[in-house]
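Structure file start_22.tsv (TSV, C-alpha atoms) is printed below.
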chain	number	residue	atom	x	y	z
A	1	VAL	CA	78.97	-269.77	198.74
A	2	ALA	CA	80.49	-267.49	196.16
A	3	SER	CA	83.98	-268.70	196.89
A	4	GLY	CA	82.90	-272.38	196.52
A	5	CYS	CA	81.37	-271.77	193.08
A	6	GLY	CA	84.49	-270.25	191.62
A	7	PRO	CA	86.44	-273.48	191.01
A	8	VAL	CA	83.32	-275.19	189.64
A	9	MET	CA	82.64	-272.29	187.27
A	10	ILE	CA	86.22	-272.33	186.07
A	11	ARG	CA	86.08	-276.09	185.51
A	12	LEU	CA	82.75	-275.77	183.61
A	13	ARG	CA	84.14	-272.92	181.53
A	14	ASP	CA	87.23	-274.97	180.66
A	15	GLU	CA	85.06	-277.98	179.77
A	16	ARG	CA	82.89	-275.74	177.59
A	17	TYR	CA	85.94	-274.41	175.74
A	18	ALA	CA	87.23	-277.97	175.29
A	19	LEU	CA	83.84	-279.11	173.95
A	20	CYS	CA	83.63	-276.10	171.62
A	21	SER	CA	87.11	-276.89	170.36
A	22	GLN	CA	86.17	-280.55	169.76
A	23	ILE	CA	82.98	-279.50	167.96
A	24	GLN	CA	84.99	-277.13	165.73
A	25	GLU	CA	87.52	-279.89	164.94
A	26	ALA	CA	84.65	-282.27	164.08
A	27	GLN	CA	83.04	-279.60	161.88
A	28	ASP	CA	86.36	-278.98	160.11
A	29	LEU	CA	86.72	-282.72	159.51
A	30	ILE	CA	83.16	-282.90	158.11
A	31	ASP	CA	83.91	-279.95	155.81
A	32	ASP	CA	87.13	-281.63	154.59
A	33	LEU	CA	85.26	-284.89	153.92
A	34	ARG	CA	82.53	-283.04	152.00
A	35	ARG	CA	85.12	-281.26	149.84
A	36	ALA	CA	86.90	-284.57	149.16
A	37	ASN	CA	83.57	-286.23	148.30
A	38	ASP	CA	82.66	-283.38	145.94
A	39	ALA	CA	86.05	-283.64	144.24
A	40	LEU	CA	85.62	-287.41	143.80
A	41	ASN	CA	82.13	-286.93	142.38
A	42	MET	CA	83.46	-284.38	139.88
A	43	GLU	CA	86.32	-286.69	138.92
A	44	ASN	CA	83.91	-289.62	138.46
A	45	ALA	CA	81.60	-287.47	136.31
A	46	THR	CA	84.55	-286.44	134.15
A	47	LEU	CA	85.68	-290.06	133.78
A	48	ARG	CA	82.15	-291.18	132.84
A	49	SER	CA	81.95	-288.38	130.27
A	50	ASP	CA	85.37	-289.26	128.85
A	51	LEU	CA	84.50	-292.94	128.65
A	52	SER	CA	81.14	-292.35	126.98
A	53	GLY	CA	82.82	-290.37	124.22
A	54	ALA	CA	85.86	-292.57	123.93
A	55	VAL	CA	86.31	-295.13	121.23
A	56	MET	CA	87.19	-298.37	122.87
A	57	MET	CA	89.12	-300.36	120.32
A	58	SER	CA	89.25	-304.08	120.55
A	59	ASP	CA	92.38	-306.01	119.68
A	60	GLU	CA	90.57	-308.48	117.47
A	61	THR	CA	87.51	-308.51	115.25
A	62	ALA	CA	86.01	-311.13	112.97
A	63	PHE	CA	87.27	-309.05	110.01
A	64	ASP	CA	91.01	-309.29	110.79
A	65	ASP	CA	91.69	-311.92	108.10
A	66	VAL	CA	89.81	-310.26	105.22
A	67	GLY	CA	92.98	-308.63	103.84
A	68	GLY	CA	93.21	-306.06	101.05
A	69	GLY	CA	93.86	-303.22	103.49
A	70	VAL	CA	90.53	-303.77	105.24
A	71	THR	CA	90.63	-302.67	108.87
A	72	ALA	CA	88.06	-302.98	111.61
A	73	THR	CA	87.56	-301.32	114.96
A	74	ALA	CA	85.02	-302.18	117.61
A	75	THR	CA	83.33	-300.36	120.46
A	76	ASP	CA	80.42	-301.43	122.59
A	77	GLN	CA	78.23	-299.41	120.20
A	78	ALA	CA	79.40	-300.56	116.76
A	79	VAL	CA	81.92	-302.42	114.64
A	80	THR	CA	83.34	-300.27	111.84
A	81	VAL	CA	84.88	-302.02	108.85
A	82	SER	CA	86.90	-299.67	106.65
A	83	VAL	CA	87.49	-300.72	103.03
A	84	PRO	CA	90.00	-298.69	100.99
A	85	GLY	CA	88.35	-296.81	98.13
A	86	ASP	CA	91.24	-297.69	95.81
A	87	LEU	CA	90.45	-301.40	96.36
A	88	LEU	CA	86.78	-300.83	95.51
A	89	PHE	CA	86.79	-298.27	92.69
A	90	ALA	CA	88.86	-296.77	89.90
A	91	PRO	CA	89.51	-293.03	90.42
A	92	GLY	CA	86.32	-291.00	89.96
A	93	LYS	CA	84.23	-294.13	89.24
A	94	VAL	CA	81.37	-295.79	91.10
A	95	ALA	CA	81.39	-299.25	89.50
A	96	LEU	CA	82.97	-301.83	91.83
A	97	ASN	CA	86.25	-303.34	90.70
A	98	THR	CA	85.94	-307.05	89.98
A	99	ALA	CA	88.75	-307.79	92.44
A	100	SER	CA	86.91	-305.98	95.25
A	101	GLN	CA	83.86	-308.19	95.00
A	102	SER	CA	85.48	-311.17	96.74
A	103	THR	CA	86.54	-308.86	99.60
A	104	LEU	CA	83.01	-307.50	99.95
A	105	ALA	CA	81.59	-311.04	99.73
A	106	SER	CA	83.84	-312.06	102.65
A	107	ILE	CA	82.73	-309.04	104.67
A	108	ALA	CA	79.05	-309.79	103.92
A	109	SER	CA	79.53	-313.40	105.01
A	110	ILE	CA	81.10	-312.33	108.31
A	111	ILE	CA	78.34	-309.79	108.98
A	112	GLU	CA	75.70	-312.41	108.22
A	113	SER	CA	77.24	-315.02	110.53
A	114	GLU	CA	78.59	-312.83	113.36
A	115	TYR	CA	76.04	-310.00	113.45
A	116	PRO	CA	72.70	-311.33	112.17
A	117	GLY	CA	69.79	-308.92	112.44
A	118	ARG	CA	71.99	-305.87	113.10
A	119	ARG	CA	71.58	-302.57	111.26
A	120	ILE	CA	74.35	-301.66	108.83
A	121	ARG	CA	75.24	-298.14	107.76
A	122	VAL	CA	77.27	-298.02	104.53
A	123	GLU	CA	79.27	-294.77	104.59
A	124	GLY	CA	81.12	-293.35	101.59
A	125	TYR	CA	84.03	-290.93	101.93
A	126	THR	CA	86.32	-289.12	99.49
A	127	ASP	CA	89.52	-287.13	99.71
A	128	THR	CA	89.43	-283.32	99.84
A	129	ASP	CA	90.41	-282.73	96.20
A	130	PRO	CA	87.63	-280.94	94.31
A	131	ILE	CA	85.92	-282.92	91.53
A	132	GLN	CA	87.30	-281.86	88.13
A	133	LYS	CA	87.01	-284.56	85.47
A	134	SER	CA	84.71	-287.33	86.66
A	135	GLY	CA	81.41	-285.63	85.93
A	136	TRP	CA	80.13	-285.71	89.52
A	137	ASP	CA	78.82	-282.45	90.93
A	138	ASP	CA	81.04	-282.72	94.01
A	139	ASN	CA	82.67	-285.12	96.48
A	140	LEU	CA	79.39	-285.57	98.33
A	141	GLN	CA	77.67	-286.94	95.23
A	142	LEU	CA	80.60	-289.26	94.49
A	143	SER	CA	80.60	-290.58	98.07
A	144	LEU	CA	76.85	-291.20	97.95
A	145	GLU	CA	77.09	-293.11	94.68
A	146	ARG	CA	79.95	-295.22	96.00
A	147	SER	CA	78.15	-296.10	99.24
A	148	ALA	CA	75.07	-296.99	97.18
A	149	ALA	CA	77.16	-299.31	94.96
A	150	VAL	CA	78.50	-301.15	98.02
A	151	TYR	CA	75.00	-301.24	99.55
A	152	ARG	CA	73.60	-302.87	96.38
A	153	TYR	CA	76.41	-305.41	96.28
A	154	LEU	CA	75.87	-306.36	99.93
A	155	GLU	CA	72.15	-306.71	99.22
A	156	ASP	CA	73.00	-309.02	96.30
A	157	GLN	CA	75.09	-311.05	98.75
A	158	GLY	CA	72.00	-311.65	100.89
A	159	LEU	CA	72.20	-308.93	103.54
A	160	PRO	CA	68.65	-307.66	104.20
A	161	ALA	CA	67.92	-304.28	102.58
A	162	GLU	CA	65.61	-303.36	105.46
A	163	LEU	CA	68.57	-303.47	107.86
A	164	MET	CA	70.91	-301.36	105.71
A	165	TYR	CA	71.14	-297.78	104.61
A	166	ALA	CA	73.68	-295.82	102.60
A	167	ALA	CA	75.13	-292.42	103.48
A	168	GLY	CA	77.67	-290.17	101.80
A	169	PHE	CA	79.98	-287.86	103.69
A	170	GLY	CA	82.18	-286.52	100.89
A	171	ALA	CA	85.41	-285.14	102.29
A	172	GLN	CA	84.14	-284.98	105.88
A	173	LYS	CA	86.29	-286.92	108.32
A	174	ALA	CA	89.29	-286.83	105.99
A	175	LYS	CA	92.24	-288.88	107.20
A	176	GLU	CA	96.01	-288.26	107.15
A	177	THR	CA	96.41	-289.13	103.45
A	178	LYS	CA	94.25	-289.03	100.34
A	179	GLU	CA	94.41	-292.82	100.06
A	180	LEU	CA	93.10	-293.31	103.60
A	181	SER	CA	90.44	-290.64	103.09
A	182	ARG	CA	88.98	-292.46	100.06
A	183	ARG	CA	87.09	-295.31	101.67
A	184	VAL	CA	83.78	-296.97	102.34
A	185	GLU	CA	83.00	-297.87	105.94
A	186	LEU	CA	80.49	-300.50	106.94
A	187	VAL	CA	79.22	-299.66	110.41
A	188	VAL	CA	77.48	-302.57	112.12
A	189	ILE	CA	75.31	-301.05	114.84
A	190	LEU	CA	75.47	-303.12	118.04
A	191	ALA	CA	73.57	-300.88	120.45
A	192	GLY	CA	69.87	-300.31	120.25
Would it be possible to restate this file's structure as structure tokens?
Amino acid sequence: VASGCGPVMIRLRDERYALCSQIQEAQDLIDDLRRANDALNMENATLRSDLSGAVMMSDETAFDDVGGGVTATATDQAVTVSVPGDLLFAPGKVALNTASQSTLASIASIIESEYPGRRIRVEGYTDTDPIQKSGWDDNLQLSLERSAAVYRYLEDQGLPAELMYAAGFGAQKAKETKELSRRVELVVILAG
């Protein structure tokens, strides 16, 4: 009896080793797939994070033909219309230039027709040069006064005051040049 069991035991042992080997290969494959899945999930999370913080510029906006150095960028959150400060104001002043009023009237008309009922943030910016002669306490005060002047003009053009607010940022978010830094941006809020 003992001699007849030997070949069967050897065969069963060999089958057990083969099965254990197959189980280990399957487990290794599962581990590899889990690691690949984790890596993909991390990559997707990074892409989502990058996209949520990215500014997605559109090629065209309704403001492209305004002229006067006016530029506009759009994301799914907002349309930002940047108007050069030198077009709007004399150095150190907060009264709108007469020539700038037709530009602002065009912008107001586009906002009214293309973005009715949307909130509008009027943001004033200055360059980084300290205030010396104009009588303003600092760049922040000058930027606030300038955004308020544009706000009032837009209100006079028929944009609803309850949908607008003015903000001044002084020299924050300065650009490459002083000329580009001095600006008023009209941010039309699309989300929310």
*Write out as a PyMOL selection string each polymer residue whose atoms come within 10 Å of Lys175 (chain A), counting all atoms listed in the file; drop sequence neighbours fewer than 5 positions from it.*
chain A and resi 125-128+180-183
| field | Residue among A:Asp137, A:Asp76, A:Glu15, A:Glu112 lying closest to Ala62 (chain A), counting only C-alpha atoms | value |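 Of A:Asp137, A:Asp76, A:Glu15, A:Glu112, the one nearest Ala62 (chain A), counting only C-alpha atoms, is A:Glu112.
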Expressed in Å, the length from CA of Thr71 (chain A) to CA of Val150 (chain A) is 16.3 Å
Protein, DNA and RNA residues within 6 Å of (76.4, -290.1, 99.9), only C-alpha atoms, as an NGL selection string: :A and (124 or 140-141 or 143-144 or 167-169)
Closest of A:Arg11, A:Arg16, A:Arg146, A:Arg152 to Val83 (chain A), counting only C-alpha atoms, is A:Arg146
Please, what is the axis-aligned box for every listed atom of region 13-20 of chain A with 3 Å on each side, as centre and edge lengths in Å to one decimal, as lines of an AutoDock Vina configuration file?
center_x = 85.1
center_y = -276.0
center_z = 176.6
size_x = 10.3
size_y = 12.2
size_z = 15.9
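Note that the spacing between CA of Ile120 (chain A) and CA of Val188 (chain A) amounts to 4.6 Å.
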### Task
Would you please work out which residue, of A:Thr75, A:Ser134, A:Lys173, A:Ile10, is nearest to Ala90 (chain A) when using all atoms listed in the file?
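Nearest candidate to Ala90 (chain A) out of A:Thr75, A:Ser134, A:Lys173, A:Ile10: A:Ser134.
Take the candidates A:Ile110, A:Val122, A:Met42, A:Ile189 and check each one against Ala166 (chain A) using only C-alpha atoms; the shortest distance goes to A:Val122.
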So which residues touch Arg121 (chain A) within 12 Å, counting only C-alpha atoms, skipping near sequence neighbours fewer than 3 positions away, as an mmCIF file with C-alpha atoms, in the coordinates of the input?
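What ended up in result33.cif:
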data_model
loop_
_atom_site.group_PDB
_atom_site.id
_atom_site.type_symbol
_atom_site.label_atom_id
_atom_site.label_comp_id
_atom_site.auth_asym_id
_atom_site.auth_seq_id
_atom_site.Cartn_x
_atom_site.Cartn_y
_atom_site.Cartn_z
ATOM 1 C CA ALA A 78 79.400 -300.560 116.760
ATOM 2 C CA VAL A 79 81.920 -302.420 114.640
ATOM 3 C CA THR A 80 83.340 -300.270 111.840
ATOM 4 C CA VAL A 81 84.880 -302.020 108.850
ATOM 5 C CA SER A 82 86.900 -299.670 106.650
ATOM 6 C CA ARG A 118 71.990 -305.870 113.100
ATOM 7 C CA GLY A 124 81.120 -293.350 101.590
ATOM 8 C CA SER A 147 78.150 -296.100 99.240
ATOM 9 C CA ALA A 148 75.070 -296.990 97.180
ATOM 10 C CA VAL A 150 78.500 -301.150 98.020
ATOM 11 C CA TYR A 151 75.000 -301.240 99.550
ATOM 12 C CA LEU A 154 75.870 -306.360 99.930
ATOM 13 C CA LEU A 159 72.200 -308.930 103.540
ATOM 14 C CA ALA A 161 67.920 -304.280 102.580
ATOM 15 C CA GLU A 162 65.610 -303.360 105.460
ATOM 16 C CA LEU A 163 68.570 -303.470 107.860
ATOM 17 C CA MET A 164 70.910 -301.360 105.710
ATOM 18 C CA TYR A 165 71.140 -297.780 104.610
ATOM 19 C CA ALA A 166 73.680 -295.820 102.600
ATOM 20 C CA ALA A 167 75.130 -292.420 103.480
ATOM 21 C CA GLY A 168 77.670 -290.170 101.800
ATOM 22 C CA VAL A 184 83.780 -296.970 102.340
ATOM 23 C CA GLU A 185 83.000 -297.870 105.940
ATOM 24 C CA LEU A 186 80.490 -300.500 106.940
ATOM 25 C CA VAL A 187 79.220 -299.660 110.410
ATOM 26 C CA VAL A 188 77.480 -302.570 112.120
ATOM 27 C CA ILE A 189 75.310 -301.050 114.840
ATOM 28 C CA LEU A 190 75.470 -303.120 118.040
#
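Between CA of Pro91 (chain A) and CA of Glu155 (chain A) there is a distance of 23.8 Å.
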Check your understanding: For Asn97 (chain A), which residue among A:Ala149, A:Ile131, A:Cys5, A:Cys20 is the nearest when counting all atoms listed in the file?
Key ->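 Answer, going by the shortest atom-to-atom distance: A:Ala149.
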Choose the residue, out of A:Ser21, A:Met9, A:Thr177, A:Phe63, that has the smallest atom-to-atom separation from Glu114 (chain A); count all atoms listed in the file.
->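 Closest to Glu114 (chain A) of all the choices is A:Phe63.
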Restricted to N, CA, C and O atoms, what does region 137-155 of chain A look like when written out as an mmCIF file, in the first residue's frame?
data_model
loop_
_atom_site.group_PDB
_atom_site.id
_atom_site.type_symbol
_atom_site.label_atom_id
_atom_site.label_comp_id
_atom_site.auth_asym_id
_atom_site.auth_seq_id
_atom_site.Cartn_x
_atom_site.Cartn_y
_atom_site.Cartn_z
ATOM 1 N N ASP A 137 -2.839 109.093 -0.639
ATOM 2 C CA ASP A 137 -2.032 108.531 0.441
ATOM 3 C C ASP A 137 -1.073 107.462 -0.076
ATOM 4 O O ASP A 137 0.076 107.385 0.347
ATOM 5 N N ASP A 138 -1.572 106.621 -0.993
ATOM 6 C CA ASP A 138 -0.753 105.533 -1.521
ATOM 7 C C ASP A 138 -1.411 104.971 -2.784
ATOM 8 O O ASP A 138 -2.477 105.438 -3.201
ATOM 9 N N ASN A 139 -0.773 103.987 -3.370
ATOM 10 C CA ASN A 139 -1.289 103.361 -4.596
ATOM 11 C C ASN A 139 -2.636 102.686 -4.376
ATOM 12 O O ASN A 139 -3.471 102.653 -5.282
ATOM 13 N N LEU A 140 -2.857 102.152 -3.198
ATOM 14 C CA LEU A 140 -4.138 101.521 -2.909
ATOM 15 C C LEU A 140 -5.278 102.534 -3.016
ATOM 16 O O LEU A 140 -6.301 102.267 -3.653
ATOM 17 N N GLN A 141 -5.098 103.706 -2.419
ATOM 18 C CA GLN A 141 -6.143 104.724 -2.490
ATOM 19 C C GLN A 141 -6.390 105.168 -3.928
ATOM 20 O O GLN A 141 -7.541 105.302 -4.361
ATOM 21 N N LEU A 142 -5.324 105.360 -4.693
ATOM 22 C CA LEU A 142 -5.468 105.755 -6.094
ATOM 23 C C LEU A 142 -6.218 104.685 -6.882
ATOM 24 O O LEU A 142 -7.135 104.991 -7.654
ATOM 25 N N SER A 143 -5.889 103.415 -6.653
ATOM 26 C CA SER A 143 -6.563 102.338 -7.392
ATOM 27 C C SER A 143 -8.037 102.240 -7.014
ATOM 28 O O SER A 143 -8.888 101.972 -7.868
ATOM 29 N N LEU A 144 -8.351 102.468 -5.753
ATOM 30 C CA LEU A 144 -9.755 102.463 -5.323
ATOM 31 C C LEU A 144 -10.548 103.588 -5.982
ATOM 32 O O LEU A 144 -11.668 103.381 -6.445
ATOM 33 N N GLU A 145 -9.976 104.773 -6.002
ATOM 34 C CA GLU A 145 -10.652 105.927 -6.603
ATOM 35 C C GLU A 145 -10.866 105.715 -8.104
ATOM 36 O O GLU A 145 -11.913 106.081 -8.651
ATOM 37 N N ARG A 146 -9.882 105.117 -8.750
ATOM 38 C CA ARG A 146 -10.016 104.877 -10.192
ATOM 39 C C ARG A 146 -11.078 103.809 -10.487
ATOM 40 O O ARG A 146 -11.865 103.952 -11.412
ATOM 41 N N SER A 147 -11.091 102.744 -9.691
ATOM 42 C CA SER A 147 -12.127 101.728 -9.928
ATOM 43 C C SER A 147 -13.503 102.314 -9.640
ATOM 44 O O SER A 147 -14.472 101.998 -10.340
ATOM 45 N N ALA A 148 -13.605 103.188 -8.640
ATOM 46 C CA ALA A 148 -14.890 103.825 -8.338
ATOM 47 C C ALA A 148 -15.333 104.731 -9.484
ATOM 48 O O ALA A 148 -16.523 104.788 -9.817
ATOM 49 N N ALA A 149 -14.398 105.443 -10.114
ATOM 50 C CA ALA A 149 -14.747 106.313 -11.246
ATOM 51 C C ALA A 149 -15.299 105.491 -12.412
ATOM 52 O O ALA A 149 -16.295 105.876 -13.039
ATOM 53 N N VAL A 150 -14.675 104.349 -12.696
ATOM 54 C CA VAL A 150 -15.160 103.482 -13.778
ATOM 55 C C VAL A 150 -16.509 102.881 -13.391
ATOM 56 O O VAL A 150 -17.435 102.833 -14.201
ATOM 57 N N TYR A 151 -16.639 102.452 -12.150
ATOM 58 C CA TYR A 151 -17.911 101.923 -11.644
ATOM 59 C C TYR A 151 -19.030 102.936 -11.880
ATOM 60 O O TYR A 151 -20.100 102.590 -12.408
ATOM 61 N N ARG A 152 -18.814 104.188 -11.477
ATOM 62 C CA ARG A 152 -19.845 105.231 -11.625
ATOM 63 C C ARG A 152 -20.187 105.458 -13.091
ATOM 64 O O ARG A 152 -21.357 105.647 -13.450
ATOM 65 N N TYR A 153 -19.173 105.436 -13.944
ATOM 66 C CA TYR A 153 -19.446 105.646 -15.372
ATOM 67 C C TYR A 153 -20.283 104.490 -15.931
ATOM 68 O O TYR A 153 -21.230 104.710 -16.693
ATOM 69 N N LEU A 154 -19.936 103.265 -15.572
ATOM 70 C CA LEU A 154 -20.706 102.106 -16.035
ATOM 71 C C LEU A 154 -22.148 102.164 -15.519
ATOM 72 O O LEU A 154 -23.087 101.821 -16.239
ATOM 73 N N GLU A 155 -22.304 102.627 -14.293
ATOM 74 C CA GLU A 155 -23.654 102.790 -13.744
ATOM 75 C C GLU A 155 -24.426 103.832 -14.560
ATOM 76 O O GLU A 155 -25.600 103.631 -14.881
#
